[in-house]
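Reviewing the structure listed below.
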Amino acid sequence: MKALNLLSARVIRSGLLLVCFATISLSLLSYDTGPGAGYCNAPGDNDCTSCHSGSSLSTSAGVAWNTISLVPASGSLSSISHGVTYSMNLTFADTTSVKYGFQVCVLPSGASSSTASIGSFTATNSGVQIVTSSNRSFIEHTYSGTAATSHTHTWNFSWTAPTTYSGGAVFYVIINSTDNDNSSSGDHVYAKTFSATVLPVKFLSFDVSEKNDQVLLNWSTASEINSSNFVVEKSNDASAWFEIGTVKASGNSSSVQQYHFVDDKKLNAFYRLKQVDLDGKFDYSQIVHANKNSINNSINIYPLPANNTIHISSDNIKNNSNISVKIFDMKGNVVYEKSFENNEPLTMDVSSIAKGIYILQLTNGIDIEMKKFVIE
């Protein structure tokens with residue numbers, strides 16, 4: 001009888017052991033192939049600590065948490081055009097781990113636990129996949145998207161902005177960093193959010209032309225959502241702006257709309273549009289110049305297109321003392337500035353500036369010269 005009980009105990013222990021191995025295998029399989037929907041720490045969703053029981057959630061601090069970045073391959077999260085598809089890059093680094101996982105969901109700002117996600121994801125490679133719940137869509141890793149042998153990994157996927165929504169949006173990101181030892185005791189889970197703005201107007205074009213003593217401004221939009229008006233602004237240096245007129249917008253439109261404005265005071269000036277929404281929110285168009293020839297002749301920038309380092313010279317400025325250089329994006333924001341003294345070479349490191357079109361302003365305390373250039 002004692003031998004029978006011992007045998008039964010061994011059978012039970014073996015059974016428990018099998019159950020334990022089955023649980024570990026299921027946990028690994030679940031991790032490698034991605035979690036189910038609803039684990040990105042968004043309102044109403046869980047986070048990955050429920051599966052990785054040895055982990056705690058980090059939401060605001062730490063070296064690894066700070067390495068999480070989410071950026072579009074072109075453009076900015078602060079100026080998303082509705083209906084446009086963006087190639088997104090999600091990057092994470094952790095020197096203590098060799099295997100990562102992730103999940104992302106996008107909700108409108110101020111979302112509750114029942115709010116539906118906005119926009120749509122596209123899995124662009126085998127390292128990512130899409131999972132859905134009743135009213136939310138998520139992008140996450142697959143088995144082929146977990147390896148991080150160099151202690152860093154970037155996932156690539158596409159997100160198409162919604163066509164019937166404008167305003168704030170939030171990307172909810174969860175990252176699982178593991179040591180790949182078949183145990184969750186050494187795993188770490190990080191949650192981070194990235195704010196975005198879906199603009200109410202999608203511009204097709206904005207240009208200027210000169211006729212007699214007037215400057216003609218023409219622009220068009222592909223679609224508009226709750227658009228109120230366009231404020232036409234002017235500047236002599238692409239830095240200080242003043243209003244010169246207002247044009248009423250179409251409000252809501254999914255077809256091309258054409259707009260025009262005439263400036264009777266012809267000057268060597270810059271123009272931009274302040275697009276105002278019905279609720280008072282606003283955003284700016286790109287900057288255009290009324291006399292392209294006068295801005296491009298005197299300044300030399302090389303090499304072009306720019307990449308890491310650019311060199312500047314001017315046919316009109318021979319002495320490099322007391323030179324100030326500013327670089328503006330096409331919305332008039334200063335993205336770089338530097339002062340030069342004692343005839344030092346006019347060389348600038350632009351490697352930290354995103355790809356795009358910019359305006360370089362060169363001043364020597366008296367004269368102001370500008371030139372448009374491209375960073376690739």
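In the structure tokens, chains take letters A, B, ... by order of appearance, with residues numbered from 1 within each chain and ligands from 1 in the order shown.
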
Neighbouring residues of range 81-83 of chain A were defined as those with any atom within 6 Å, considering only C-alpha atoms; residues of the same chain fewer than 5 positions away were excluded. Please report them as a PyMOL selection string. chain A and resi 161-163+198-199+202

Using only C-alpha atoms, which protein or nucleic acid residues come within 10 Å of Lys192 in chain A? Drop anything in the same chain fewer than 3 positions from it, and give the result as a ChimeraX atom specification. /A:40-42,58-61,65-66,68-70,104,171-175

Quick one: write out the picked residues with C-alpha atoms as a compact mmCIF listing (two decimals), in the first residue's frame?
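result-v9.txt was written with the following content:
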```
# COMPACT_ATOMS: atom_id res chain seq x y z
CA CYS A 40 -0.94 48.45 -24.39
CA ASN A 41 -1.95 50.22 -21.14
CA ALA A 42 -4.55 52.40 -22.89
CA SER A 58 7.46 51.51 -15.57
CA THR A 59 5.63 54.54 -16.97
CA SER A 60 7.86 57.56 -16.49
CA ALA A 61 11.50 56.93 -15.66
CA TRP A 65 12.12 53.76 -20.68
CA ASN A 66 13.79 56.86 -22.08
CA ILE A 68 11.50 54.30 -26.39
CA SER A 69 10.86 56.46 -29.45
CA LEU A 70 8.05 56.53 -31.99
CA VAL A 104 0.58 49.93 -29.90
CA PHE A 171 -0.22 56.54 -29.36
CA TYR A 172 -0.22 54.09 -26.43
CA VAL A 173 2.96 51.98 -26.47
CA ILE A 174 3.86 48.97 -24.31
CA ILE A 175 7.32 47.36 -24.44
```

With a distance cut-off of 6 Å and only C-alpha atoms, select the neighbouring residues of Glu233 in chain A, excluding the residue or stretch itself and same-chain residues fewer than 3 positions from it, and output the selection as an MDAnalysis selection string. chainID A and resid 242:244 271:272

Quote the spacing between CA of Asn307 in chain A and CA of Ser351 in chain A in Å to one decimal place. 6.4 Å

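The spacing separating CA of His153 in chain A from CA of Gly101 in chain A amounts to 9.6 Å.
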
Selected residue of minimal separation from Lys234 in chain A among A:Asn268, A:Ser195, A:Ser150, A:Thr132, counting only C-alpha atoms: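 Nearest candidate to Lys234 in chain A out of A:Asn268, A:Ser195, A:Ser150, A:Thr132: A:Asn268.
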
Enter the distance from CA of Ser254 in chain A to CA of Ser223 in chain A, in Å, rounded to one decimal. 4.4 Å

Among range 155-215 of chain A, which residues does DSSP mark as strand (DSSP E or B) when it is run on the backbone? Keep the chain and numbering as in the structure and answer as a ChimeraX atom specification. /A:155-160,167-178,188-199,201-211,214-215

Counting only C-alpha atoms, the option among A:Tyr190, A:Phe328, A:Phe203, A:Phe121 closest to Thr85 in chain A: A:Phe121

Residues at most 12 Å from Phe270 in chain A, counting only C-alpha atoms, excluding those fewer than 6 positions away in the same chain, as a ChimeraX atom specification? /A:207-208,215,217,232-244,263,286-292,294-295,330-332,359,370-372

Residues from last step as file, N, CA and C atoms, as a compact mmCIF listing (two decimals), in the first residue's frame:
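Full text of selection_10.txt as output:
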```txt
# COMPACT_ATOMS: atom_id res chain seq x y z
N ASP A 207 1.28 78.63 -53.23
CA ASP A 207 2.33 79.31 -53.98
C ASP A 207 1.96 80.78 -54.19
N VAL A 208 2.94 81.55 -54.62
CA VAL A 208 2.74 82.97 -54.87
C VAL A 208 3.25 83.32 -56.26
N VAL A 215 1.10 90.96 -55.23
CA VAL A 215 1.49 89.57 -54.99
C VAL A 215 0.22 88.74 -54.90
N LEU A 217 -1.55 85.27 -54.03
CA LEU A 217 -1.40 84.03 -53.26
C LEU A 217 -2.50 83.06 -53.67
N VAL A 232 -4.07 85.05 -43.46
CA VAL A 232 -2.86 85.24 -44.26
C VAL A 232 -1.87 86.08 -43.46
N GLU A 233 -0.67 85.53 -43.24
CA GLU A 233 0.35 86.23 -42.46
C GLU A 233 1.57 86.52 -43.33
N LYS A 234 2.26 87.62 -43.01
CA LYS A 234 3.39 88.09 -43.81
C LYS A 234 4.57 88.38 -42.90
N SER A 235 5.79 88.24 -43.45
CA SER A 235 6.99 88.51 -42.67
C SER A 235 8.11 88.97 -43.60
N ASN A 236 8.96 89.81 -43.08
CA ASN A 236 10.12 90.25 -43.84
C ASN A 236 11.35 89.39 -43.60
N ASP A 237 11.31 88.56 -42.52
CA ASP A 237 12.49 87.76 -42.17
C ASP A 237 12.15 86.32 -41.80
N ALA A 238 10.91 85.87 -42.03
CA ALA A 238 10.44 84.52 -41.69
C ALA A 238 10.50 84.25 -40.19
N SER A 239 10.55 85.32 -39.40
CA SER A 239 10.60 85.18 -37.94
C SER A 239 9.46 85.95 -37.27
N ALA A 240 9.35 87.25 -37.55
CA ALA A 240 8.27 88.08 -37.00
C ALA A 240 7.15 88.18 -38.03
N TRP A 241 5.94 87.75 -37.64
CA TRP A 241 4.81 87.66 -38.57
C TRP A 241 3.71 88.63 -38.17
N PHE A 242 2.98 89.14 -39.19
CA PHE A 242 1.82 89.99 -38.92
C PHE A 242 0.71 89.64 -39.92
N GLU A 243 -0.52 89.82 -39.47
CA GLU A 243 -1.70 89.45 -40.26
C GLU A 243 -2.00 90.52 -41.31
N ILE A 244 -2.33 90.07 -42.54
CA ILE A 244 -2.70 91.02 -43.60
C ILE A 244 -4.08 90.74 -44.19
N ASP A 263 -2.11 90.61 -52.23
CA ASP A 263 -1.40 91.58 -51.39
C ASP A 263 -0.96 92.74 -52.27
N GLN A 286 3.02 75.65 -44.84
CA GLN A 286 4.42 75.91 -45.14
C GLN A 286 4.61 77.39 -45.48
N ILE A 287 5.85 77.83 -45.52
CA ILE A 287 6.18 79.22 -45.85
C ILE A 287 6.50 79.32 -47.34
N VAL A 288 6.03 80.38 -47.98
CA VAL A 288 6.39 80.65 -49.38
C VAL A 288 7.00 82.04 -49.46
N HIS A 289 7.79 82.28 -50.50
CA HIS A 289 8.47 83.54 -50.67
C HIS A 289 8.02 84.21 -51.95
N ALA A 290 7.84 85.53 -51.90
CA ALA A 290 7.27 86.25 -53.03
C ALA A 290 8.28 86.54 -54.13
N ASN A 291 9.56 86.47 -53.81
CA ASN A 291 10.59 86.76 -54.80
C ASN A 291 11.69 85.73 -54.68
N LYS A 292 11.49 84.59 -55.29
CA LYS A 292 12.40 83.46 -55.11
C LYS A 292 13.80 83.77 -55.62
N SER A 294 15.48 86.60 -55.62
CA SER A 294 16.26 87.47 -54.76
C SER A 294 16.77 86.73 -53.52
N ILE A 295 16.11 85.65 -53.14
CA ILE A 295 16.52 84.95 -51.94
C ILE A 295 17.62 83.92 -52.22
N MET A 330 9.39 74.87 -42.51
CA MET A 330 8.47 75.53 -43.43
C MET A 330 7.22 76.08 -42.73
N LYS A 331 7.19 75.97 -41.38
CA LYS A 331 6.12 76.60 -40.62
C LYS A 331 6.63 77.78 -39.81
N GLY A 332 7.91 78.13 -40.02
CA GLY A 332 8.47 79.29 -39.35
C GLY A 332 9.10 79.02 -38.00
N ILE A 359 14.55 76.86 -44.50
CA ILE A 359 15.04 78.18 -44.92
C ILE A 359 16.19 78.59 -44.00
N MET A 370 18.59 85.12 -47.12
CA MET A 370 17.92 83.84 -46.89
C MET A 370 18.03 82.94 -48.09
N LYS A 371 17.98 81.62 -47.82
CA LYS A 371 17.97 80.65 -48.91
C LYS A 371 17.25 79.40 -48.47
N LYS A 372 16.46 78.85 -49.38
CA LYS A 372 15.75 77.60 -49.14
C LYS A 372 16.67 76.44 -49.52
```

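If you count only C-alpha atoms and ignore residues fewer than 5 places along the chain from Gly145 in chain A, what sits within 10 Å of it is Asp32, Thr33, Gly34, Lys99, Tyr100, Gly101, Phe102, Asn125, Ser126, Gly127, Val128, Gln129, Glu140, His153, Thr154, Trp155 and Asn156 of chain A.
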
Written selection (N, CA and C atoms) as an mmCIF file, in the first residue's frame:
```
data_model
loop_
_atom_site.group_PDB
_atom_site.id
_atom_site.type_symbol
_atom_site.label_atom_id
_atom_site.label_comp_id
_atom_site.auth_asym_id
_atom_site.auth_seq_id
_atom_site.Cartn_x
_atom_site.Cartn_y
_atom_site.Cartn_z
ATOM 1 N N ASP A 32 6.236 34.985 -27.784
ATOM 2 C CA ASP A 32 6.889 35.022 -29.086
ATOM 3 C C ASP A 32 5.940 35.430 -30.198
ATOM 4 N N THR A 33 4.702 34.994 -30.122
ATOM 5 C CA THR A 33 3.761 35.283 -31.201
ATOM 6 C C THR A 33 2.936 36.530 -30.942
ATOM 7 N N GLY A 34 3.195 37.210 -29.819
ATOM 8 C CA GLY A 34 2.482 38.441 -29.517
ATOM 9 C C GLY A 34 1.315 38.215 -28.584
ATOM 10 N N LYS A 99 15.683 40.121 -25.967
ATOM 11 C CA LYS A 99 14.441 39.784 -26.655
ATOM 12 C C LYS A 99 13.355 40.756 -26.216
ATOM 13 N N TYR A 100 12.687 41.369 -27.193
ATOM 14 C CA TYR A 100 11.689 42.392 -26.888
ATOM 15 C C TYR A 100 10.349 42.050 -27.528
ATOM 16 N N GLY A 101 9.300 42.650 -26.992
ATOM 17 C CA GLY A 101 7.980 42.609 -27.605
ATOM 18 C C GLY A 101 7.314 43.962 -27.452
ATOM 19 N N PHE A 102 6.226 44.197 -28.205
ATOM 20 C CA PHE A 102 5.558 45.500 -28.109
ATOM 21 C C PHE A 102 4.099 45.371 -28.536
ATOM 22 N N ASN A 125 5.856 44.219 -42.637
ATOM 23 C CA ASN A 125 6.901 43.198 -42.685
ATOM 24 C C ASN A 125 6.528 42.062 -41.755
ATOM 25 N N SER A 126 7.315 40.986 -41.763
ATOM 26 C CA SER A 126 6.993 39.792 -40.984
ATOM 27 C C SER A 126 7.239 39.961 -39.497
ATOM 28 N N GLY A 127 7.844 41.076 -39.083
ATOM 29 C CA GLY A 127 8.114 41.287 -37.670
ATOM 30 C C GLY A 127 6.966 41.865 -36.887
ATOM 31 N N VAL A 128 5.873 42.249 -37.582
ATOM 32 C CA VAL A 128 4.722 42.846 -36.909
ATOM 33 C C VAL A 128 3.432 42.224 -37.421
ATOM 34 N N GLN A 129 2.372 42.373 -36.630
ATOM 35 C CA GLN A 129 1.062 41.855 -37.005
ATOM 36 C C GLN A 129 -0.018 42.715 -36.355
ATOM 37 N N GLU A 140 1.462 44.806 -33.166
ATOM 38 C CA GLU A 140 2.350 44.181 -32.189
ATOM 39 C C GLU A 140 3.388 43.314 -32.887
ATOM 40 N N HIS A 153 16.243 47.353 -30.956
ATOM 41 C CA HIS A 153 15.406 46.862 -32.056
ATOM 42 C C HIS A 153 14.478 47.991 -32.519
ATOM 43 N N THR A 154 14.223 48.008 -33.827
ATOM 44 C CA THR A 154 13.270 48.959 -34.399
ATOM 45 C C THR A 154 12.210 48.190 -35.174
ATOM 46 N N TRP A 155 10.957 48.422 -34.816
ATOM 47 C CA TRP A 155 9.837 47.827 -35.560
ATOM 48 C C TRP A 155 9.296 48.863 -36.536
ATOM 49 N N ASN A 156 8.961 48.415 -37.723
ATOM 50 C CA ASN A 156 8.414 49.300 -38.758
ATOM 51 C C ASN A 156 6.996 48.863 -39.110
#
```

Using only C-alpha atoms, which of A:His141, A:Val98, A:Thr178, A:Ser74 sits nearest Ser55 in chain A?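 Selected residue with least distance to Ser55 in chain A: A:Thr178.
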